[in-house]
$ cat coords.cif   # mmCIF, C-alpha atoms
data_upload
loop_
_atom_site.group_PDB
_atom_site.id
_atom_site.type_symbol
_atom_site.label_atom_id
_atom_site.label_comp_id
_atom_site.auth_asym_id
_atom_site.auth_seq_id
_atom_site.Cartn_x
_atom_site.Cartn_y
_atom_site.Cartn_z
ATOM 1 C CA MET A 91 -24.080 -104.989 -27.472
ATOM 2 C CA ILE A 92 -24.303 -104.211 -23.773
ATOM 3 C CA PRO A 93 -26.990 -101.713 -22.761
ATOM 4 C CA LEU A 94 -25.526 -98.455 -21.520
ATOM 5 C CA ASN A 95 -27.836 -98.332 -18.519
ATOM 6 C CA LEU A 96 -26.410 -101.573 -17.146
ATOM 7 C CA VAL A 97 -22.899 -100.124 -17.362
ATOM 8 C CA PHE A 98 -24.068 -97.029 -15.501
ATOM 9 C CA ILE A 99 -25.780 -99.045 -12.800
ATOM 10 C CA LEU A 100 -22.634 -101.139 -12.223
ATOM 11 C CA SER A 101 -20.541 -97.986 -12.063
ATOM 12 C CA LEU A 102 -23.005 -96.437 -9.612
ATOM 13 C CA ILE A 103 -23.000 -99.483 -7.335
ATOM 14 C CA LEU A 104 -19.192 -99.586 -7.286
ATOM 15 C CA PHE A 105 -18.990 -95.852 -6.561
ATOM 16 C CA ALA A 106 -21.462 -96.135 -3.679
ATOM 17 C CA ILE A 107 -19.555 -99.090 -2.220
ATOM 18 C CA GLY A 108 -16.318 -97.122 -2.492
ATOM 19 C CA LEU A 109 -17.866 -94.100 -0.775
ATOM 20 C CA ILE A 110 -19.277 -96.179 2.075
ATOM 21 C CA ALA A 111 -15.968 -98.017 2.492
ATOM 22 C CA PHE A 112 -14.146 -94.698 2.616
ATOM 23 C CA PHE A 113 -16.310 -93.477 5.492
ATOM 24 C CA VAL A 114 -16.594 -96.760 7.382
ATOM 25 C CA LYS A 115 -12.927 -97.735 7.367
ATOM 26 C CA ARG A 116 -10.515 -96.062 9.726
ATOM 27 C CA ASP A 117 -7.085 -97.043 8.512
ATOM 28 C CA LEU A 118 -5.419 -94.919 5.879
ATOM 29 C CA ILE A 119 -4.488 -97.707 3.472
ATOM 30 C CA THR A 120 -8.006 -99.102 3.124
ATOM 31 C CA MET A 121 -9.373 -95.582 2.701
ATOM 32 C CA PHE A 122 -6.863 -95.187 -0.114
ATOM 33 C CA MET A 123 -8.094 -98.384 -1.716
ATOM 34 C CA ALA A 124 -11.671 -97.090 -1.517
ATOM 35 C CA VAL A 125 -10.573 -93.984 -3.434
ATOM 36 C CA GLU A 126 -9.052 -96.210 -6.110
ATOM 37 C CA LEU A 127 -12.358 -98.084 -6.352
ATOM 38 C CA MET A 128 -14.267 -94.827 -6.865
ATOM 39 C CA LEU A 129 -11.794 -93.766 -9.576
ATOM 40 C CA ASN A 130 -12.429 -97.053 -11.335
ATOM 41 C CA ALA A 131 -16.177 -96.592 -11.189
ATOM 42 C CA ALA A 132 -15.752 -93.219 -12.906
ATOM 43 C CA ASN A 133 -13.484 -94.841 -15.516
ATOM 44 C CA LEU A 134 -16.193 -97.382 -16.249
ATOM 45 C CA THR A 135 -18.634 -94.570 -17.018
ATOM 46 C CA PHE A 136 -16.121 -92.990 -19.386
ATOM 47 C CA ILE A 137 -15.631 -96.278 -21.234
ATOM 48 C CA GLY A 138 -19.378 -96.794 -21.502
ATOM 49 C CA PHE A 139 -19.868 -93.341 -23.008
ATOM 50 C CA ALA A 140 -16.924 -93.874 -25.361
ATOM 51 C CA GLN A 141 -18.597 -97.000 -26.674
ATOM 52 C CA ALA A 142 -22.031 -95.379 -26.952
ATOM 53 C CA PHE A 143 -20.760 -92.342 -28.856
ATOM 54 C CA ALA A 144 -18.311 -94.420 -30.950
ATOM 55 C CA SER A 145 -15.481 -92.052 -30.080
ATOM 56 C CA LEU A 146 -12.078 -92.718 -28.592
ATOM 57 C CA GLU A 147 -11.756 -89.562 -26.473
ATOM 58 C CA GLY A 148 -13.342 -91.292 -23.487
ATOM 59 C CA GLN A 149 -10.702 -93.997 -23.600
ATOM 60 C CA ILE A 150 -7.939 -91.368 -23.796
ATOM 61 C CA ILE A 151 -9.331 -89.750 -20.656
ATOM 62 C CA VAL A 152 -9.326 -93.115 -18.887
ATOM 63 C CA PHE A 153 -5.693 -93.545 -19.919
ATOM 64 C CA PHE A 154 -4.804 -90.230 -18.278
ATOM 65 C CA VAL A 155 -6.847 -91.034 -15.182
ATOM 66 C CA ILE A 156 -4.938 -94.296 -14.742
ATOM 67 C CA THR A 157 -1.637 -92.433 -15.079
ATOM 68 C CA VAL A 158 -2.612 -89.813 -12.521
ATOM 69 C CA ALA A 159 -3.859 -92.555 -10.182
ATOM 70 C CA ALA A 160 -0.473 -94.256 -10.372
ATOM 71 C CA ALA A 161 1.284 -91.015 -9.426
ATOM 72 C CA GLU A 162 -1.242 -90.405 -6.661
ATOM 73 C CA ALA A 163 -0.744 -93.893 -5.241
ATOM 74 C CA ALA A 164 3.039 -93.435 -5.140
ATOM 75 C CA ILE A 165 2.804 -90.104 -3.311
ATOM 76 C CA GLY A 166 -0.014 -91.204 -1.010
ATOM 77 C CA LEU A 167 1.706 -94.381 0.080
ATOM 78 C CA ALA A 168 4.915 -92.448 0.722
ATOM 79 C CA ILE A 169 2.921 -90.126 2.982
ATOM 80 C CA VAL A 170 1.375 -93.125 4.762
ATOM 81 C CA MET A 171 4.868 -94.543 5.365
ATOM 82 C CA LEU A 172 6.008 -91.183 6.718
ATOM 83 C CA ILE A 173 3.035 -90.969 9.093
ATOM 84 C CA PHE A 174 3.660 -94.510 10.278
ATOM 85 C CA ARG A 175 7.344 -93.794 10.884
ATOM 86 C CA GLN A 176 6.514 -90.762 13.016
ATOM 87 C CA LYS A 177 3.387 -91.889 14.853
ATOM 88 C CA LYS A 178 3.666 -95.706 14.751
ATOM 89 C CA THR A 179 0.015 -95.888 13.717
ATOM 90 C CA ILE A 180 -2.074 -95.402 10.598
ATOM 91 C CA LYS A 181 -5.495 -95.294 12.248
ATOM 92 C CA THR A 182 -7.283 -92.043 11.614
ATOM 93 C CA GLU A 183 -8.537 -91.539 15.167
ATOM 94 C CA ASP A 184 -4.959 -91.519 16.473
ATOM 95 C CA LEU A 185 -3.962 -88.752 14.068
ATOM 96 C CA ASN A 186 -5.505 -85.922 16.077
ATOM 97 C CA LEU A 187 -2.630 -83.447 16.129
ATOM 98 C CA MET A 188 -4.776 -80.596 14.815
ATOM 99 C CA LYS A 189 -7.744 -81.384 17.056
ATOM 100 C CA GLY A 190 -8.668 -78.220 18.962
ATOM 101 C CA MET B 44 -23.041 -114.151 -24.787
ATOM 102 C CA GLY B 45 -21.549 -110.698 -24.281
ATOM 103 C CA LEU B 46 -24.373 -109.760 -21.942
ATOM 104 C CA PHE B 47 -23.959 -112.967 -19.950
ATOM 105 C CA LEU B 48 -20.229 -112.331 -19.531
ATOM 106 C CA PHE B 49 -20.908 -108.743 -18.545
ATOM 107 C CA ILE B 50 -23.356 -109.740 -15.826
ATOM 108 C CA LEU B 51 -21.007 -112.436 -14.535
ATOM 109 C CA LEU B 52 -18.061 -110.027 -14.320
ATOM 110 C CA ALA B 53 -20.269 -107.337 -12.791
ATOM 111 C CA LEU B 54 -21.432 -109.715 -10.052
ATOM 112 C CA ILE B 55 -17.826 -110.711 -9.312
ATOM 113 C CA ALA B 56 -16.814 -107.044 -9.140
ATOM 114 C CA ILE B 57 -19.668 -106.105 -6.799
ATOM 115 C CA ILE B 58 -19.235 -109.084 -4.459
ATOM 116 C CA PHE B 59 -15.494 -108.619 -4.110
ATOM 117 C CA SER B 60 -15.756 -104.866 -3.663
ATOM 118 C CA LEU B 61 -18.126 -105.557 -0.750
ATOM 119 C CA GLY B 62 -15.165 -107.378 0.786
ATOM 120 C CA LEU B 63 -13.504 -103.970 1.026
ATOM 121 C CA ILE B 64 -16.154 -103.002 3.581
ATOM 122 C CA PHE B 65 -16.565 -106.249 5.490
ATOM 123 C CA PHE B 66 -13.022 -107.563 5.883
ATOM 124 C CA ARG B 67 -10.937 -105.964 8.597
ATOM 125 C CA ASN B 68 -7.585 -107.354 7.463
ATOM 126 C CA GLN B 69 -5.849 -105.038 5.021
ATOM 127 C CA VAL B 70 -4.272 -107.824 2.978
ATOM 128 C CA TYR B 71 -7.719 -109.325 2.386
ATOM 129 C CA ASN B 72 -8.944 -105.881 1.361
ATOM 130 C CA ALA B 73 -6.114 -105.549 -1.145
ATOM 131 C CA LEU B 74 -6.738 -109.009 -2.613
ATOM 132 C CA CYS B 75 -10.480 -108.295 -2.951
ATOM 133 C CA LEU B 76 -9.657 -105.040 -4.714
ATOM 134 C CA ILE B 77 -7.330 -106.879 -7.113
ATOM 135 C CA VAL B 78 -10.146 -109.258 -8.114
ATOM 136 C CA THR B 79 -12.518 -106.309 -8.571
ATOM 137 C CA LEU B 80 -10.053 -104.405 -10.747
ATOM 138 C CA SER B 81 -9.317 -107.463 -12.871
ATOM 139 C CA SER B 82 -12.986 -108.115 -13.548
ATOM 140 C CA LEU B 83 -13.384 -104.429 -14.424
ATOM 141 C CA GLY B 84 -10.584 -104.995 -16.931
ATOM 142 C CA GLY B 85 -12.668 -107.778 -18.459
ATOM 143 C CA ILE B 86 -15.657 -105.447 -18.657
ATOM 144 C CA PHE B 87 -13.503 -102.836 -20.418
ATOM 145 C CA ALA B 88 -12.559 -105.478 -22.979
ATOM 146 C CA LEU B 89 -16.255 -106.252 -23.523
ATOM 147 C CA LEU B 90 -16.929 -102.540 -24.096
ATOM 148 C CA GLU B 91 -14.586 -102.386 -27.101
ATOM 149 C CA ALA B 92 -11.600 -100.994 -25.214
ATOM 150 C CA PRO B 93 -8.971 -103.757 -25.408
ATOM 151 C CA PHE B 94 -5.967 -101.499 -24.826
ATOM 152 C CA ILE B 95 -7.494 -99.920 -21.729
ATOM 153 C CA ALA B 96 -8.354 -103.406 -20.472
ATOM 154 C CA VAL B 97 -4.729 -104.507 -20.716
ATOM 155 C CA VAL B 98 -3.523 -101.256 -19.126
ATOM 156 C CA GLN B 99 -6.028 -101.730 -16.326
ATOM 157 C CA ILE B 100 -4.760 -105.204 -15.528
ATOM 158 C CA ILE B 101 -1.043 -104.391 -15.861
ATOM 159 C CA ILE B 102 -0.977 -101.014 -14.113
ATOM 160 C CA TYR B 103 -3.902 -101.123 -11.689
ATOM 161 C CA ALA B 104 -4.154 -104.768 -10.711
ATOM 162 C CA GLY B 105 -0.416 -105.196 -11.157
ATOM 163 C CA ALA B 106 1.723 -102.212 -10.331
ATOM 164 C CA ILE B 107 -0.470 -100.102 -8.043
ATOM 165 C CA MET B 108 -1.774 -103.006 -5.976
ATOM 166 C CA VAL B 109 1.727 -104.457 -5.608
ATOM 167 C CA LEU B 110 2.725 -101.070 -4.208
ATOM 168 C CA PHE B 111 -0.184 -101.253 -1.740
ATOM 169 C CA ILE B 112 0.757 -104.762 -0.641
ATOM 170 C CA PHE B 113 4.403 -103.774 -0.215
ATOM 171 C CA VAL B 114 3.385 -100.916 2.055
ATOM 172 C CA ILE B 115 0.988 -103.124 4.047
ATOM 173 C CA MET B 116 3.734 -105.675 4.591
ATOM 174 C CA THR B 117 6.309 -103.013 5.452
ATOM 175 C CA ILE B 118 4.050 -101.451 8.057
ATOM 176 C CA ASN B 119 3.223 -104.865 9.598
ATOM 177 C CA LEU B 120 0.993 -103.904 12.495
ATOM 178 C CA LYS B 121 1.295 -106.724 14.961
ATOM 179 C CA GLN B 122 -1.845 -106.272 16.992
ATOM 180 C CA GLY B 123 -5.122 -107.087 15.282
ATOM 181 C CA TRP B 124 -7.690 -104.425 14.533
ATOM 182 C CA PRO B 125 -10.104 -103.779 17.398
ATOM 183 C CA PRO B 126 -13.799 -103.879 16.557
ATOM 184 C CA GLU B 127 -15.348 -100.626 15.422
ATOM 185 C CA LYS B 128 -16.380 -98.759 18.537
ATOM 186 C CA ARG B 129 -18.056 -95.646 17.248
ATOM 187 C CA LYS B 130 -21.291 -96.593 15.523
ATOM 188 C CA TRP B 131 -22.598 -93.263 14.301
ATOM 189 C CA PRO B 132 -20.016 -92.651 11.526
ATOM 190 C CA VAL B 133 -20.892 -96.047 10.077
ATOM 191 C CA ARG B 134 -24.597 -95.271 10.079
ATOM 192 C CA LEU B 135 -23.984 -91.812 8.626
ATOM 193 C CA ALA B 136 -21.798 -93.319 5.895
ATOM 194 C CA VAL B 137 -24.460 -95.844 4.946
ATOM 195 C CA VAL B 138 -27.143 -93.143 4.858
ATOM 196 C CA ILE B 139 -25.003 -90.796 2.739
ATOM 197 C CA GLY B 140 -24.030 -93.598 0.368
ATOM 198 C CA PHE B 141 -27.647 -94.684 0.011
ATOM 199 C CA ILE B 142 -28.825 -91.121 -0.710
ATOM 200 C CA LEU B 143 -26.139 -90.734 -3.385
ATOM 201 C CA PHE B 144 -27.114 -94.119 -4.807
ATOM 202 C CA LEU B 145 -30.797 -93.137 -5.095
ATOM 203 C CA GLU B 146 -29.996 -89.757 -6.656
ATOM 204 C CA LEU B 147 -27.750 -91.205 -9.321
ATOM 205 C CA LEU B 148 -30.121 -94.099 -9.934
ATOM 206 C CA TRP B 149 -32.880 -91.577 -10.599
ATOM 207 C CA ALA B 150 -30.604 -89.779 -13.053
ATOM 208 C CA ILE B 151 -29.769 -93.032 -14.817
ATOM 209 C CA LEU B 152 -33.394 -94.099 -15.124
ATOM 210 C CA LYS B 153 -34.232 -90.737 -16.717
ATOM 211 C CA PHE B 154 -31.406 -91.208 -19.229
ATOM 212 C CA LYS B 155 -32.814 -92.030 -22.644
ATOM 213 C CA GLY B 156 -29.669 -93.389 -24.275
ATOM 214 C CA VAL B 157 -27.774 -92.094 -27.260
ATOM 215 C CA VAL B 158 -27.556 -93.141 -30.864
ATOM 216 C CA SER B 159 -24.016 -92.870 -32.162
ATOM 217 C CA PRO B 160 -23.725 -91.067 -35.490
ATOM 218 C CA LEU B 161 -20.463 -92.762 -36.402
ATOM 219 C CA PRO B 162 -19.490 -96.389 -36.944
ATOM 220 C CA ALA B 163 -17.897 -97.956 -33.899
ATOM 221 C CA GLN B 164 -14.141 -97.599 -33.481
ATOM 222 C CA PRO B 165 -12.416 -100.225 -31.358
ATOM 223 C CA GLY B 166 -9.822 -98.852 -28.956
ATOM 224 C CA THR B 167 -6.860 -100.731 -30.368
ATOM 225 C CA PRO B 168 -3.318 -99.527 -29.584
ATOM 226 C CA GLU B 169 -3.005 -98.158 -33.134
ATOM 227 C CA ASN B 170 -6.117 -95.992 -32.916
ATOM 228 C CA LEU B 171 -5.376 -94.793 -29.398
ATOM 229 C CA GLY B 172 -1.716 -94.133 -30.157
ATOM 230 C CA GLU B 173 -2.557 -92.123 -33.228
ATOM 231 C CA LEU B 174 -4.944 -89.945 -31.231
ATOM 232 C CA LEU B 175 -2.528 -89.707 -28.311
ATOM 233 C CA PHE B 176 0.341 -88.466 -30.451
ATOM 234 C CA SER B 177 -1.662 -86.026 -32.559
ATOM 235 C CA THR B 178 -4.597 -84.404 -30.767
ATOM 236 C CA PHE B 179 -3.593 -85.157 -27.182
ATOM 237 C CA ILE B 180 0.168 -84.676 -27.493
ATOM 238 C CA TYR B 181 0.213 -81.754 -25.045
ATOM 239 C CA PRO B 182 -1.545 -83.528 -22.134
ATOM 240 C CA PHE B 183 0.592 -86.586 -22.870
ATOM 241 C CA GLU B 184 3.822 -84.638 -22.393
ATOM 242 C CA ILE B 185 2.454 -82.915 -19.284
ATOM 243 C CA THR B 186 1.735 -86.374 -17.872
ATOM 244 C CA SER B 187 5.385 -87.340 -18.181
ATOM 245 C CA VAL B 188 6.363 -84.267 -16.138
ATOM 246 C CA LEU B 189 3.724 -85.226 -13.567
ATOM 247 C CA ILE B 190 5.114 -88.734 -13.215
ATOM 248 C CA VAL B 191 8.679 -87.478 -12.774
ATOM 249 C CA ALA B 192 7.468 -85.038 -10.113
ATOM 250 C CA ALA B 193 5.570 -87.825 -8.339
ATOM 251 C CA LEU B 194 8.591 -90.136 -8.353
ATOM 252 C CA VAL B 195 10.945 -87.462 -7.022
ATOM 253 C CA GLY B 196 8.362 -86.496 -4.406
ATOM 254 C CA ALA B 197 7.946 -90.093 -3.279
ATOM 255 C CA VAL B 198 11.714 -90.522 -2.951
ATOM 256 C CA VAL B 199 12.061 -87.284 -0.969
ATOM 257 C CA LEU B 200 9.152 -88.202 1.314
ATOM 258 C CA GLY B 201 10.414 -91.724 1.897
ATOM 259 C CA LYS B 202 13.974 -90.682 2.725
ATOM 260 C CA LYS B 203 15.118 -91.049 6.313
ATOM 261 C CA ARG B 204 15.861 -87.676 7.873
ATOM 262 C CA ASP B 205 17.688 -88.708 11.056
ATOM 263 C CA GLN B 206 21.239 -88.335 9.702
ATOM 264 C CA GLU B 207 20.972 -84.546 9.516
#

$ encode --input "coords.cif" --output "structure tokens"
Amino acid sequence: MIPLNLVFILSLILFAIGLIAFFVKRDLITMFMAVELMLNAANLTFIGFAQAFASLEGQIIVFFVITVAAAEAAIGLAIVMLIFRQKKTIKTEDLNLMKG
Amino acid sequence: MGLFLFILLALIAIIFSLGLIFFRNQVYNALCLIVTLSSLGGIFALLEAPFIAVVQIIIYAGAIMVLFIFVIMTINLKQGWPPEKRKWPVRLAVVIGFILFLELLWAILKFKGVVSPLPAQPGTPENLGELLFSTFIYPFEITSVLIVAALVGAVVLGKKRDQE
């Protein structure tokens, strides 16, 4: 039996690392990967609660989150390809078309 | 034994997710993320969710990360990444992340824990499938529409437009 607090602390550390990576990195693909890491940290919390409450609804929610993340990755990477085809770069500081 | 495995997998996940911050090469980032997601799959299996663990490894560490690596290799930026020039966004990010970390840590330490009223139910495919096709049938069907929309959208976005 794994203590629930340890699961939460792991999830928290992974979420914080994902957040910091999202702000530190400046290419779109790595920022995308940081978002996936944060989604996984949230999934870990759901699984921990599902085990603590002995109910399967948490696992169902994780199932849906994984499905939505797959759809999001397909669309997001298509957008990244489109940006690269037009601008020949994926670095965020070069994408300043709307800068006033 | 379970606790030992949990701590081992947690350390692997944390160390390799730090690689997401410190490596500048995107392929290294993707490989680090694959190791992190796989060890999270192991942790899901330890937390009585075997089906979600398998789904995590097949879909996340398999399908989604293969998609990422395909895109990285298609884009193929020849010049290396220059060193980070602007320092203040990095500092701001670390400060914001640390504040969030402390806040949530405070919330966790105040959490007393729960006592489950029911006997534990393992998340086997039978149990999950029964729930998915009875109580959650409506969100399940909506999800299929979402995936079709995402696939069509990805095809339309990825299509070359220059022959118009």

$ residues_near_point --input "coords.cif" --point "(-22.2, -96.1, -10.8)" --cutoff "9 Å" --atoms "all atoms listed in the file" --output "list in words"
Val97, Phe98, Ile99, Leu100, Ser101, Leu102, Ile103, Leu104, Phe105, Ala106, Met128, Ala131, Ala132, Leu134 and Thr135 of chain A; Phe144, Leu147 and Leu148 of chain B

$ write_last_selection --input "coords.cif" --atoms "C-alpha atoms" --output "PDB file, in the coordinates of the input"
ATOM      1  CA  VAL A  97     -22.899-100.124 -17.362  1.00  0.00           C
ATOM      2  CA  PHE A  98     -24.068 -97.029 -15.501  1.00  0.00           C
ATOM      3  CA  ILE A  99     -25.780 -99.045 -12.800  1.00  0.00           C
ATOM      4  CA  LEU A 100     -22.634-101.139 -12.223  1.00  0.00           C
ATOM      5  CA  SER A 101     -20.541 -97.986 -12.063  1.00  0.00           C
ATOM      6  CA  LEU A 102     -23.005 -96.437  -9.612  1.00  0.00           C
ATOM      7  CA  ILE A 103     -23.000 -99.483  -7.335  1.00  0.00           C
ATOM      8  CA  LEU A 104     -19.192 -99.586  -7.286  1.00  0.00           C
ATOM      9  CA  PHE A 105     -18.990 -95.852  -6.561  1.00  0.00           C
ATOM     10  CA  ALA A 106     -21.462 -96.135  -3.679  1.00  0.00           C
ATOM     11  CA  MET A 128     -14.267 -94.827  -6.865  1.00  0.00           C
ATOM     12  CA  ALA A 131     -16.177 -96.592 -11.189  1.00  0.00           C
ATOM     13  CA  ALA A 132     -15.752 -93.219 -12.906  1.00  0.00           C
ATOM     14  CA  LEU A 134     -16.193 -97.382 -16.249  1.00  0.00           C
ATOM     15  CA  THR A 135     -18.634 -94.570 -17.018  1.00  0.00           C
TER      16      THR A 135
ATOM     17  CA  PHE B 144     -27.114 -94.119  -4.807  1.00  0.00           C
ATOM     18  CA  LEU B 147     -27.750 -91.205  -9.321  1.00  0.00           C
ATOM     19  CA  LEU B 148     -30.121 -94.099  -9.934  1.00  0.00           C
TER      20      LEU B 148
END

$ atom_distance --input "coords.cif" --atom1 "CA of Ala56 (chain B)" --atom2 "CA of Pro165 (chain B)"
23.7 Å

$ resolve_selection --input "coords.cif" --expression "the PyMOL selection byres ((chain A) within 8 of (chain B))" --output "ChimeraX atom specification"
/A:91-92,94-95,98-100,102-104,106-111,113-115,119-120,123-124,127,130,134,137-138,141-146,149-150,152-154,156-158,160-165,167-169,171-172,174

$ write_last_selection --input "coords.cif" --atoms "C-alpha atoms" --output "short mmCIF file (atom, residue, chain, number, x, y, z; two decimals), in the frame of the given file"
data_model
loop_
_atom_site.label_atom_id
_atom_site.label_comp_id
_atom_site.auth_asym_id
_atom_site.auth_seq_id
_atom_site.Cartn_x
_atom_site.Cartn_y
_atom_site.Cartn_z
CA MET A 91 -24.08 -104.99 -27.47
CA ILE A 92 -24.30 -104.21 -23.77
CA LEU A 94 -25.53 -98.46 -21.52
CA ASN A 95 -27.84 -98.33 -18.52
CA PHE A 98 -24.07 -97.03 -15.50
CA ILE A 99 -25.78 -99.04 -12.80
CA LEU A 100 -22.63 -101.14 -12.22
CA LEU A 102 -23.00 -96.44 -9.61
CA ILE A 103 -23.00 -99.48 -7.34
CA LEU A 104 -19.19 -99.59 -7.29
CA ALA A 106 -21.46 -96.14 -3.68
CA ILE A 107 -19.56 -99.09 -2.22
CA GLY A 108 -16.32 -97.12 -2.49
CA LEU A 109 -17.87 -94.10 -0.78
CA ILE A 110 -19.28 -96.18 2.08
CA ALA A 111 -15.97 -98.02 2.49
CA PHE A 113 -16.31 -93.48 5.49
CA VAL A 114 -16.59 -96.76 7.38
CA LYS A 115 -12.93 -97.74 7.37
CA ILE A 119 -4.49 -97.71 3.47
CA THR A 120 -8.01 -99.10 3.12
CA MET A 123 -8.09 -98.38 -1.72
CA ALA A 124 -11.67 -97.09 -1.52
CA LEU A 127 -12.36 -98.08 -6.35
CA ASN A 130 -12.43 -97.05 -11.34
CA LEU A 134 -16.19 -97.38 -16.25
CA ILE A 137 -15.63 -96.28 -21.23
CA GLY A 138 -19.38 -96.79 -21.50
CA GLN A 141 -18.60 -97.00 -26.67
CA ALA A 142 -22.03 -95.38 -26.95
CA PHE A 143 -20.76 -92.34 -28.86
CA ALA A 144 -18.31 -94.42 -30.95
CA SER A 145 -15.48 -92.05 -30.08
CA LEU A 146 -12.08 -92.72 -28.59
CA GLN A 149 -10.70 -94.00 -23.60
CA ILE A 150 -7.94 -91.37 -23.80
CA VAL A 152 -9.33 -93.12 -18.89
CA PHE A 153 -5.69 -93.54 -19.92
CA PHE A 154 -4.80 -90.23 -18.28
CA ILE A 156 -4.94 -94.30 -14.74
CA THR A 157 -1.64 -92.43 -15.08
CA VAL A 158 -2.61 -89.81 -12.52
CA ALA A 160 -0.47 -94.26 -10.37
CA ALA A 161 1.28 -91.02 -9.43
CA GLU A 162 -1.24 -90.40 -6.66
CA ALA A 163 -0.74 -93.89 -5.24
CA ALA A 164 3.04 -93.44 -5.14
CA ILE A 165 2.80 -90.10 -3.31
CA LEU A 167 1.71 -94.38 0.08
CA ALA A 168 4.92 -92.45 0.72
CA ILE A 169 2.92 -90.13 2.98
CA MET A 171 4.87 -94.54 5.36
CA LEU A 172 6.01 -91.18 6.72
CA PHE A 174 3.66 -94.51 10.28
#

$ atom_distance --input "coords.cif" --atom1 "CA of Asp184 (chain A)" --atom2 "CA of Tyr71 (chain B)"
22.9 Å

$ atom_distance --input "coords.cif" --atom1 "CA of Pro168 (chain B)" --atom2 "CA of Ala96 (chain B)"
11.1 Å

$ resolve_selection --input "coords.cif" --expression "the PyMOL selection byres ((chain A and resi 181) around 9)" --output "PyMOL selection string"
chain A and resi 116-118+179-180+182-185

$ build_atoms --input "coords.cif" --residues "region 83-99 of chain B" --atoms "N, CA and C atoms" --output "mmCIF file, in the coordinates of the input"
data_model
loop_
_atom_site.group_PDB
_atom_site.id
_atom_site.type_symbol
_atom_site.label_atom_id
_atom_site.label_comp_id
_atom_site.auth_asym_id
_atom_site.auth_seq_id
_atom_site.Cartn_x
_atom_site.Cartn_y
_atom_site.Cartn_z
ATOM 1 N N LEU B 83 -13.089 -105.667 -13.696
ATOM 2 C CA LEU B 83 -13.384 -104.429 -14.424
ATOM 3 C C LEU B 83 -12.577 -104.371 -15.719
ATOM 4 N N GLY B 84 -11.354 -104.911 -15.693
ATOM 5 C CA GLY B 84 -10.584 -104.995 -16.931
ATOM 6 C C GLY B 84 -11.299 -105.841 -17.975
ATOM 7 N N GLY B 85 -11.887 -106.965 -17.536
ATOM 8 C CA GLY B 85 -12.668 -107.778 -18.459
ATOM 9 C C GLY B 85 -13.855 -107.027 -19.021
ATOM 10 N N ILE B 86 -14.513 -106.228 -18.181
ATOM 11 C CA ILE B 86 -15.657 -105.447 -18.657
ATOM 12 C C ILE B 86 -15.197 -104.405 -19.665
ATOM 13 N N PHE B 87 -14.026 -103.792 -19.439
ATOM 14 C CA PHE B 87 -13.503 -102.836 -20.418
ATOM 15 C C PHE B 87 -13.270 -103.519 -21.761
ATOM 16 N N ALA B 88 -12.777 -104.767 -21.722
ATOM 17 C CA ALA B 88 -12.559 -105.478 -22.979
ATOM 18 C C ALA B 88 -13.879 -105.742 -23.681
ATOM 19 N N LEU B 89 -14.945 -106.038 -22.906
ATOM 20 C CA LEU B 89 -16.255 -106.252 -23.523
ATOM 21 C C LEU B 89 -16.799 -104.974 -24.134
ATOM 22 N N LEU B 90 -16.405 -103.813 -23.606
ATOM 23 C CA LEU B 90 -16.929 -102.540 -24.096
ATOM 24 C C LEU B 90 -16.033 -101.951 -25.181
ATOM 25 N N GLU B 91 -15.375 -102.792 -25.942
ATOM 26 C CA GLU B 91 -14.586 -102.386 -27.101
ATOM 27 C C GLU B 91 -13.426 -101.471 -26.726
ATOM 28 N N ALA B 92 -12.779 -101.760 -25.599
ATOM 29 C CA ALA B 92 -11.600 -100.994 -25.214
ATOM 30 C C ALA B 92 -10.481 -101.967 -24.839
ATOM 31 N N PRO B 93 -9.947 -102.724 -25.786
ATOM 32 C CA PRO B 93 -8.971 -103.757 -25.408
ATOM 33 C C PRO B 93 -7.684 -103.196 -24.832
ATOM 34 N N PHE B 94 -7.229 -102.045 -25.342
ATOM 35 C CA PHE B 94 -5.967 -101.499 -24.826
ATOM 36 C C PHE B 94 -6.122 -101.041 -23.383
ATOM 37 N N ILE B 95 -7.254 -100.370 -23.097
ATOM 38 C CA ILE B 95 -7.494 -99.920 -21.729
ATOM 39 C C ILE B 95 -7.648 -101.115 -20.795
ATOM 40 N N ALA B 96 -8.215 -102.213 -21.311
ATOM 41 C CA ALA B 96 -8.354 -103.406 -20.472
ATOM 42 C C ALA B 96 -6.991 -103.937 -20.068
ATOM 43 N N VAL B 97 -6.072 -103.996 -21.030
ATOM 44 C CA VAL B 97 -4.729 -104.507 -20.716
ATOM 45 C C VAL B 97 -4.015 -103.556 -19.760
ATOM 46 N N VAL B 98 -4.162 -102.242 -20.005
ATOM 47 C CA VAL B 98 -3.523 -101.256 -19.126
ATOM 48 C C VAL B 98 -4.088 -101.364 -17.717
ATOM 49 N N GLN B 99 -5.393 -101.580 -17.631
ATOM 50 C CA GLN B 99 -6.028 -101.730 -16.326
ATOM 51 C C GLN B 99 -5.417 -102.893 -15.559
#
